[in-house]
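Below is one structure, written out as structure tokens; the observations come after it.
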Amino acid sequence: MGALDSLMKPFECKSFKVPNRLMMAPMSRYFAPGGLLTQASVDYYRRRIEGGLGSVISEAVAIDRPGSVAADTVPHFYGDEALAMWARVREDCQKAGGAFIPQLWHVGGCEDFNYPDSPHPPLESPSGLVGPDIAGGREMTQADIDGVIASFVRAARDAQRIGCNAIELHGAHGYLFDQFFWDVTNKRADKYGGSDIADRVRFAAETVAAIRQAVGPDLTIIFRISQWKTYMYEAKIAENPQDIERWLTPLTLAGVDIFHCSERRFWEPAFADGDYNLAGWTKKVTGKPTITVGSVGLNRDLMADFVEGESAPALQSLDELTRRFDRGDFDLAAIGRVVLNDPHWLQKVQEGRVAELQPYSRENMDKLY
């Protein structure tokens with residue numbers, strides 16, 4: 001019996017059909033000079049499916065809006081040459097028996113904290129803010145909002161055209177959609193702002209609705225959310241389950257099929273009442289399938305690893321993952337750092353080859369294993 005047997009069953013949601021519930025989490029890699037993937041990246045993604053994962057979510061990729069990303073080695077998801085390489089990733093992942101999902105990204109007013117000096121077009125944000133009294137990007141006009149929505153729609157259509165199994169919209173960690181969600185960074189006085197999260201979610205809901213209209217009913221739309229922002233760990237959008245309902249109901253009605261709920265440590269409760277994490281509460285409130293993610297298989301979260309350098313395997317967290325899955329808290333689990341330098345991590349875990357597991361090191365980010 002393997003440690004994750006409960007999660008080794010098929011899952012299906014519209015166009016997204018996978019042999020098991022485990023997926024590679026999106027992780028920025030910066031190996032796309034001029035925005036173009038190389039064959040090394042194609043092989044990198046395929047190897048995770050060959051290692052047993054049912055699907056991979058790409059690193060966050062740039063839509064065709066100037067300033068959607070702030071580093072020149074982030075992969076583009078537009079243009080014939082770039083899309084041809086993504087089509088190769090998709091084909092290889094599917095031939096290996098899994099599914100492929102691009103994560104579509106607009107950073108809003110955020111400089112890239114990994115490459116703060118990278119050249120990029122001017123940035124844009126809801127109110128010219130990226131944190132408490134922290135300036136970032138120019139304030140978006142209605143024309144800017146319309147242009148960003150149109151860019152996401154084009155990316156979604158391209159994903160559908162090249163055969164991707166689903167798309168994911170990056171609405172977490174303080175980037176553009178999240179800048180609209182958070183009252184600290186959204187000070188707008190128009191219909192996209194206000195004291196109520198049900199108003200601040202309007203931009204994201206309009207984007208999802210436009211994508212749904214463009215791609216039809218079958219393409220699976222995944223939306224990634226979080227409470228925390230990069231280096232602002234205690235930030236909150238929702239203080240209780242009622243806030244989650246006001247936040248996510250408009251997205252559900254607009255056409256989101258699955259919510260990807262990012263936490264620094266998946267085992268920590270979202271609120272004081274009960275032990276459900278963000279994925280658990282989101283599923284209870286919306287009725288939609290959810291993905292849980294956050295330090296699966298490790299002993300501490302990502303940002304601590306950036307400081308301390310290395311994280312040891314912690315398989316006891318897999319017992320907690322299984323307990324929550326069996327309780328019905330979530331439908332899929334995304335695994336990140338543990339598969340960065342070991343694409344066969346899942347096979348080793350299931351076969352009891354614990355001694356062969358490698359610790360995560362931040363040096364893993366410097367190479368595509």
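Here, A, B, ... name the chains of the structure tokens in the order displayed, residue numbers run from 1 inside each chain, and ligands are numbered from 1 in the same displayed order.
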Could you name the residues that touch stretch 197-212 of chain A at 8 Å or less, counting only C-alpha atoms, but leaving out those on the same chain fewer than 3 positions away, as a ChimeraX atom specification?
-> /A:145,149,152-153,156-157,177,180-183,186,191-194,215-217,237,243,246-247,250-251,254-256
Would you please extract all strand (DSSP E or B) residues from stretch 34-243 of chain A, as assigned by DSSP on the backbone, and give them as a ChimeraX atom specification?
-> /A:55-62,76,99-105,124-125,129-131,134-135,138-139,166-170,173,220-226,229,232
Can you pull out every residue within 12 Å of stretch 281-287 of chain A, counting only C-alpha atoms, but drop anything in the same chain fewer than 2 positions away, and send it as a count of residues only?
-> 49
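Between atom CA of A:Thr322 and atom CA of A:Gly336 lies a distance of 17.0 Å.
Using only C-alpha atoms, the smallest distance between any of A:Ser295, A:Gln227, A:Ser195, A:Gln350 and A:Gly171 comes from A:Gln227.
Atom pair atom CA of A:Glu59 / atom CA of A:Gln103: separated by 6.4 Å.
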Residues of stretch 87-261 of chain A in helix (DSSP H, G or I) according to DSSP, as number ranges by chain?
-> A: 87-95, 142-161, 176-181, 197-200, 202-215, 241-254
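Using only C-alpha atoms, the protein and nucleic acid residues lying no more than 7 Å from A:His120, apart from those fewer than 2 places from it along its own chain, are Gly67, Ala70, Ala71, Asp72, Ser118 and Pro122 of chain A.
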Store the residues picked out above in a file with N, CA, C and O atoms, as a compact mmCIF listing (two decimals), in the first residue's frame.
# COMPACT_ATOMS: atom_id res chain seq x y z
N GLY A 67 3.33 44.53 -20.27
CA GLY A 67 3.43 44.68 -18.83
C GLY A 67 2.72 43.61 -18.03
O GLY A 67 2.61 43.71 -16.81
N ALA A 70 6.91 40.97 -15.53
CA ALA A 70 7.96 41.96 -15.28
C ALA A 70 9.36 41.36 -15.37
O ALA A 70 10.29 41.90 -14.81
N ALA A 71 9.51 40.25 -16.10
CA ALA A 71 10.83 39.66 -16.32
C ALA A 71 10.87 39.08 -17.73
O ALA A 71 9.88 38.49 -18.19
N ASP A 72 11.99 39.25 -18.42
CA ASP A 72 12.04 38.89 -19.83
C ASP A 72 12.35 37.42 -20.08
O ASP A 72 12.49 37.00 -21.22
N SER A 118 14.96 43.41 -14.19
CA SER A 118 14.66 42.96 -15.55
C SER A 118 13.88 44.04 -16.30
O SER A 118 12.95 44.65 -15.75
N PRO A 122 5.78 49.39 -18.91
CA PRO A 122 5.17 49.94 -17.69
C PRO A 122 4.09 49.00 -17.14
O PRO A 122 3.37 48.35 -17.89
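Between atom CA of A:Glu124 and atom CA of A:Lys229 the separation is 17.5 Å.
Proximity to A:Ser68 was assessed for A:Ser28, A:Thr185, A:Ser317, A:Ser151 counting only C-alpha atoms; the smallest distance is recorded for A:Ser151.
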